[in-house]
Amino acid sequence: MKSSNKKIESYFTKPGVGIGNVGLSKEDIKTSFLEKLFYSLGRIPVVATQNDFYISLALTIRDRVFRKYVKSLEQYAEEDARGVAYLSAEYLPGPHLGNNLLNLEIMEEIREALAELSLDLDELLNEEVEPGLGNGGLGRLASCYMDSLATLGIPSIAYGIRYEFGIFKQEIQNGWQVESTDKWLHNGNPWEVIRPEISFIVNFGGHTKHRRDDDNKLHIEWFPDSEIKGIAYDTPILGYQSTAIILRLWKAEATESFDFAAYNLGDYYRAVEKKMRSENITKVLYPNDENLSGKELRLKQQYFFVCCSLQDIIRLQLLQGRKLETLHEKFTIQLNDTHPSIAVAELMRLLLDEHHLEWEEAWKVTKNTFAYTNHTLLPEALEKWPVSLLRNLLPRHLEIIYEINSRFISEIREHDFTGEQISRMSLVDDRGEPTIRMAHLATVGSYKVNGVSALHSGLLQEQVLQDFAQLWPEKFTNVTNGVTHRRFLALSNPRLAALISEKIGKDWLTHLDKLKGLESFADEEDFRRKWMEVKLHNKKNLANHIKELTGITINPEMLIDVQVKRIHEYKRQHLKVLHILSLYLRIKKDKDTNIPPTAFVFGGKAAPGYFMAKRIIKLITAVGDLINNDPEVNEILKVVFLPNFSVKLAQLVYPGADLSEQISMAGKEASGTGNMKFALNGALTVGTLDGANVEIREEVGEENFFLFGLTTKEVENKKAEGYHPYKIYSENEKLKRVLDFLMSDELTNGDPELFRPVYDNLLNQDPYLLLEDYQSYVDQMENVYKVWQDPGKWARMSILNVANMGRFSSDRSIRDYCEKIWKVEAVKMQSE
Ligand code: GPW
């Protein structure tokens with residue numbers, strides 16, 4: 001246990017010196033680096049690998065990051081600050097080393113220090129394997145928010161799952177996506193520290209017993225049939241010129257008492273086998289983005305990390321000598337979508353059964369502690385757990401959910417809700433197999449509910465949660481997403497960052513609004529030239545990587561037109577393909593070569609079980625093979641599919657893009673965040689009025705945005721009046737030619753079944769209205785080409801896009817969360 005040790009403590013408090021050699025000067029770092037190599041890794045330079053050097057540098061930097069963290073803890077304790085706990089099943093932090101060097105402002109010193117040792121910083125940066133602990137936008141958003149929480153000095157901690165295997169590695173073989181496991185921990189992870197003393201027991205299964213005591217008070221006890229231990233692994237996440245916060249990820253381990261009966265019987269193998277099975281909980285990330293898997297193991301993962309995190313929060317509350325009745329005064333817990341929403345029932349259970357609060361008191365604490373962010377309206381992504389599964393796995397929680405529901409229904413019966421509305425609002429959906437609607441549980445159990453863009457938050461209140469918005473209008477709010485411009489501009493696009501700073505100073509690193517100052521240079525010839533020189537440099541860099549990764553050569557002077565994101569029908573990668581084929585057929589059939597040279601770049605993973613998404617990847621690569629190998633076309637068009645899209649790759653792609661494709665069907669993309677990262681790097685957007693595109697367009701000005709397609713309202717009307725894609729197909733000759741080409745031998749190599757699923761789907765259902773939006777898209781692309789042929793105009797628009805991106809910093813989003821939802825304030829860090 002903890003004890004006070006004055007001698008050790010005095011080392012912490014010595015001003016400026018403190019523990020060990022953790023200075024930031026070049027010499028300090030060189031010494032630490034060599035010490036790490038010798039003493040932590042036991043290596044001498046002749047045998048050291050690049051990875052050894054990387055690990056030594058990472059450990060050197062981690063020491064300095066931890067020092068910042070430790071210092072800030074003292075400050076938080078002193079101020080008795082209110083804090084945020086962020087619960088997310090996914091994080092995509094990206095490589096840590098470069099970002100930490102940026103935030104410590106020692107990139108150049110380190111580069112020199114290493115050069116003096118004949119080492120190359122870029123090579124060491126390249127050694128890092130990023131933690132792929134998320135699927136896409138939702139996980140990356142959580143990591144952007146950590147960057148901003150740390151930078152702004154908001155007392156906070158982020159909780160999640162330490163998946164042993166992250167998002168699968170994607171390879172393209174013969175044009176198809178092939179998955180393999182992501183062994184991100186294979187070379188060791190220098191950024192994390194195991195905290196064996198921070199561990200909790202998580203129970204599953206069994207049954208409950210109800211008993212009344214002499215005063216007729218009900219006591220409920222849960223007799224689970226298995227238990228697992230969660231162990232904390234901490235990774236410090238450093239802010240810019242600021243402190244660090246902790247990302248605490250839980251790993252599942254079998255408890256010693258796990259199956260002693262089997263040991264006693266001498267069945268050693270069975271005992272170990274059971275142990276292995278229990279450790280499966282944190283083995284692998286579910287790779288379905290916006291599509292619930294409904295699998296028992298997934299629910300186990302969710303409950304496992306929520307249970308550990310809540311126990312940890314309660315531990316922190318009690319450690320500070322505070323009562324659980326005031327938990328909501330000291331902590332607020334943000335639910336990143338419904339993935340952690342079983343937390344509502346779990347906190348009730350902990351307060352009622354383990355800490356013996358009364359229902360009313362426990363409920364008051366619970367519903368004033370949680371806030372819930374919804375990230376999607378897609379019906380297939382709204383989590384619902386079968387009652388039967390909950391009964392088996394979490395019987396006590398099911399009882400609590402039923403009790404919450406019955407009290408909630410009694411409450412709304414007193415309002416003017418119709419019977420139909422009441423059954424729509426119920427936490428239990430018993431129209432078929434009974435299920436629990438997790439979004440309803442999260443809404444009822446939270447004090448605030450937000451969507452992630454203005455449009456999405458509005459639709460949330462009109463559609464999925466409309467009855468709740470009628471009941472509690474003040475509970476609903478919007479926080480538009482944001483991205484960290486430090487990673488996605490300063491770090492990944494150093495040349496543009498330098499050019500910006502040269503013009504307007506460096507304040508934009510902490511106040512992105514300052515970019516507005518660039519507006520006055522948008523008409524300056526010389527500035528435009530420099531701006532486009534930087535872009536060309538980044539395009540060359542991207543072209544080199546494309547060559548390395550795919551073997552495809554692209555001329556960096558081409559318009560680089562990019563769509564990178566998860567592959568989903570609603571995101572409409574296949575609409576982009578239809579446009580590309582329209583250009584191809586113009587060249588081949590109409591002999592029209594008056595098309596500006598364009599490289600179309602795609603990237604993104606398809607969920608391994610998502611048939612249509614995998615077909616779309618094959619379609620992209622088939623179109624690529626056809627075009628890239630046809631000398632009549634390949635001087636004008638190129639099509640690239642970048643395998644294994646990741647944060648690392650993203651940092652290469654955004655700076656080199658001219659055009660950003662944000663072409664989802666209106667009403668389907670909750671926000672999008674790639675849209676922001678592209679625009680921040682000077683790409684222009686072609687897009688629909690969906691998600692945050694709407695707000696981006698408002699900020700940059702409609703004349704600086706290529707808009708097309710139906711609005712959300714028009715989509716609704718179209719669907720209501722009856723949508724007939726076949727009619728559009730038969731009436732638009734050029735479109736018909738493109739669609740029929742999907743079935744041609746040239747594309748399918750004589751296999752008529754290859755793209756029939758795509759073809760049939762578009763002609764008969766077309767749920768995402770590709771055919772409806774096709775002409776408007778193709779027309780707008782002609783407009784893109786017109787502007788592209790006027791480089792001065794393009795440069796001006798590009799500058800104006802960047803200048804108006806201030807609103808889309810995750811710093812602004814976090815400030816919004818603090819003000820509108822959390823009521824948490826920054827703690828000023830004392831500089832050392
Ligand atoms: F379904 N998003 C995501 F809402 O990346 F949970 N994965 C997901 O599973 C879900 C949402 C979920 C994305 C949204 O699609 C995107 O529009 C949004 O920008 C992002 O979350 C962050 O809010």
# chains A, B, ... in the order shown; residues from 1 in each chain; ligands from 1
>>> select_by_dssp(residues="region 526-563 of chain A", states="helix (DSSP H, G or I)", output="list of chain:residue names")
A:Asp526, A:Phe527, A:Arg528, A:Arg529, A:Lys530, A:Trp531, A:Met532, A:Glu533, A:Val534, A:Lys535, A:Leu536, A:His537, A:Asn538, A:Lys539, A:Lys540, A:Asn541, A:Leu542, A:Ala543, A:Asn544, A:His545, A:Ile546, A:Lys547, A:Glu548, A:Leu549, A:Thr550
>>> residues_near_ligand(ligand="ligand 1", cutoff="9 Å", atoms="only C-alpha atoms and all ligand atoms", output="number ranges by chain")
A: 90, 134-142, 288-292, 336-339, 373-378, 380-383, 451-453, 456, 480-482, 566, 668-675, 691-692
>>> write_last_selection(atoms="C-alpha atoms", output="PDB file, in the first residue's frame")
ATOM      1  CA  GLU A  90     -12.146   2.859 -29.649  1.00  0.00           C
ATOM      2  CA  GLY A 134     -10.449   1.767 -33.567  1.00  0.00           C
ATOM      3  CA  ASN A 135     -12.325   1.459 -36.832  1.00  0.00           C
ATOM      4  CA  GLY A 136     -12.465   4.976 -38.194  1.00  0.00           C
ATOM      5  CA  GLY A 137     -13.898   8.397 -37.449  1.00  0.00           C
ATOM      6  CA  LEU A 138     -15.269   7.636 -34.000  1.00  0.00           C
ATOM      7  CA  GLY A 139     -11.962   6.311 -32.663  1.00  0.00           C
ATOM      8  CA  ARG A 140      -9.935   9.064 -34.268  1.00  0.00           C
ATOM      9  CA  LEU A 141     -12.286  11.694 -32.825  1.00  0.00           C
ATOM     10  CA  ALA A 142     -11.663  10.310 -29.337  1.00  0.00           C
ATOM     11  CA  ASN A 288     -17.554  -3.548 -37.961  1.00  0.00           C
ATOM     12  CA  ASP A 289     -17.915   0.155 -38.303  1.00  0.00           C
ATOM     13  CA  GLU A 290     -21.465   1.429 -37.889  1.00  0.00           C
ATOM     14  CA  ASN A 291     -22.887  -2.034 -37.881  1.00  0.00           C
ATOM     15  CA  LEU A 292     -23.624  -3.850 -34.690  1.00  0.00           C
ATOM     16  CA  ASN A 336     -18.734   7.933 -26.786  1.00  0.00           C
ATOM     17  CA  ASP A 337     -21.785   6.546 -28.562  1.00  0.00           C
ATOM     18  CA  THR A 338     -23.757   3.689 -26.983  1.00  0.00           C
ATOM     19  CA  HIS A 339     -20.787   1.296 -26.897  1.00  0.00           C
ATOM     20  CA  THR A 373     -22.849  11.532 -27.674  1.00  0.00           C
ATOM     21  CA  ASN A 374     -24.701   9.962 -30.565  1.00  0.00           C
ATOM     22  CA  HIS A 375     -22.623   9.460 -33.740  1.00  0.00           C
ATOM     23  CA  THR A 376     -25.069   7.932 -36.185  1.00  0.00           C
ATOM     24  CA  LEU A 377     -28.642   7.734 -37.380  1.00  0.00           C
ATOM     25  CA  LEU A 378     -28.075   4.571 -39.404  1.00  0.00           C
ATOM     26  CA  GLU A 380     -28.136  -0.855 -38.551  1.00  0.00           C
ATOM     27  CA  ALA A 381     -25.693   0.906 -36.218  1.00  0.00           C
ATOM     28  CA  LEU A 382     -28.121   1.574 -33.358  1.00  0.00           C
ATOM     29  CA  GLU A 383     -27.204  -0.928 -30.714  1.00  0.00           C
ATOM     30  CA  GLY A 451     -25.064  14.991 -31.917  1.00  0.00           C
ATOM     31  CA  VAL A 452     -21.821  15.721 -33.765  1.00  0.00           C
ATOM     32  CA  SER A 453     -22.787  18.381 -36.325  1.00  0.00           C
ATOM     33  CA  HIS A 456     -27.023  15.635 -37.329  1.00  0.00           C
ATOM     34  CA  THR A 480     -19.812  19.938 -33.904  1.00  0.00           C
ATOM     35  CA  ASN A 481     -16.785  17.665 -34.224  1.00  0.00           C
ATOM     36  CA  GLY A 482     -13.282  19.012 -34.617  1.00  0.00           C
ATOM     37  CA  ARG A 566     -14.279   3.411 -44.379  1.00  0.00           C
ATOM     38  CA  LYS A 668     -26.404   9.815 -43.470  1.00  0.00           C
ATOM     39  CA  GLU A 669     -22.938  11.046 -42.462  1.00  0.00           C
ATOM     40  CA  ALA A 670     -23.288  12.271 -38.903  1.00  0.00           C
ATOM     41  CA  SER A 671     -20.390  14.675 -39.245  1.00  0.00           C
ATOM     42  CA  GLY A 672     -17.303  13.424 -40.992  1.00  0.00           C
ATOM     43  CA  THR A 673     -13.904  14.586 -39.805  1.00  0.00           C
ATOM     44  CA  GLY A 674     -11.785  13.741 -42.856  1.00  0.00           C
ATOM     45  CA  ASN A 675     -13.640  16.605 -44.549  1.00  0.00           C
ATOM     46  CA  GLY A 691     -22.854  16.262 -41.730  1.00  0.00           C
ATOM     47  CA  ALA A 692     -20.272  18.925 -41.073  1.00  0.00           C
TER      48      ALA A 692
END
>>> select_by_dssp(residues="region 91-200 of chain A", states="strand (DSSP E or B)", output="VMD selection string")
chain A and resid 91 133 156 to 161 165 169 to 173 176 to 180 193 to 200
>>> residues_around(residues="Asp429 (chain A)", least_positions_apart="2", cutoff="12 Å", atoms="only C-alpha atoms", output="ChimeraX atom specification")
/A:383-387,402,405,422-427,431-441
>>> closest_atom_pairs(of="region 605-665 of chain A", to="region 488-491 of chain A", cutoff="9 Å", atoms="only C-alpha atoms", output="tab-separated table")
residue	atom	partner	partner_atom	distance
A:Ala650	CA	A:Phe488	CA	8.7
A:Gln651	CA	A:Phe488	CA	6.4
A:Tyr654	CA	A:Phe488	CA	8.1
A:Pro655	CA	A:Leu489	CA	8.0
>>> write_last_selection(atoms="N, CA and C atoms", output="PDB file, in the first residue's frame")
ATOM      1  N   ALA A 650      -2.832   8.577 -43.379  1.00  0.00           N
ATOM      2  CA  ALA A 650      -3.681   9.771 -43.473  1.00  0.00           C
ATOM      3  C   ALA A 650      -2.822  11.030 -43.415  1.00  0.00           C
ATOM      4  N   GLN A 651      -1.818  11.000 -42.549  1.00  0.00           N
ATOM      5  CA  GLN A 651      -0.966  12.173 -42.391  1.00  0.00           C
ATOM      6  C   GLN A 651      -0.160  12.470 -43.656  1.00  0.00           C
ATOM      7  N   TYR A 654      -3.537  13.668 -46.624  1.00  0.00           N
ATOM      8  CA  TYR A 654      -4.223  14.975 -46.594  1.00  0.00           C
ATOM      9  C   TYR A 654      -3.362  16.107 -47.168  1.00  0.00           C
ATOM     10  N   PRO A 655      -2.076  16.189 -46.791  1.00  0.00           N
ATOM     11  CA  PRO A 655      -1.283  17.311 -47.321  1.00  0.00           C
ATOM     12  C   PRO A 655      -1.133  17.287 -48.836  1.00  0.00           C
TER      13      PRO A 655
END
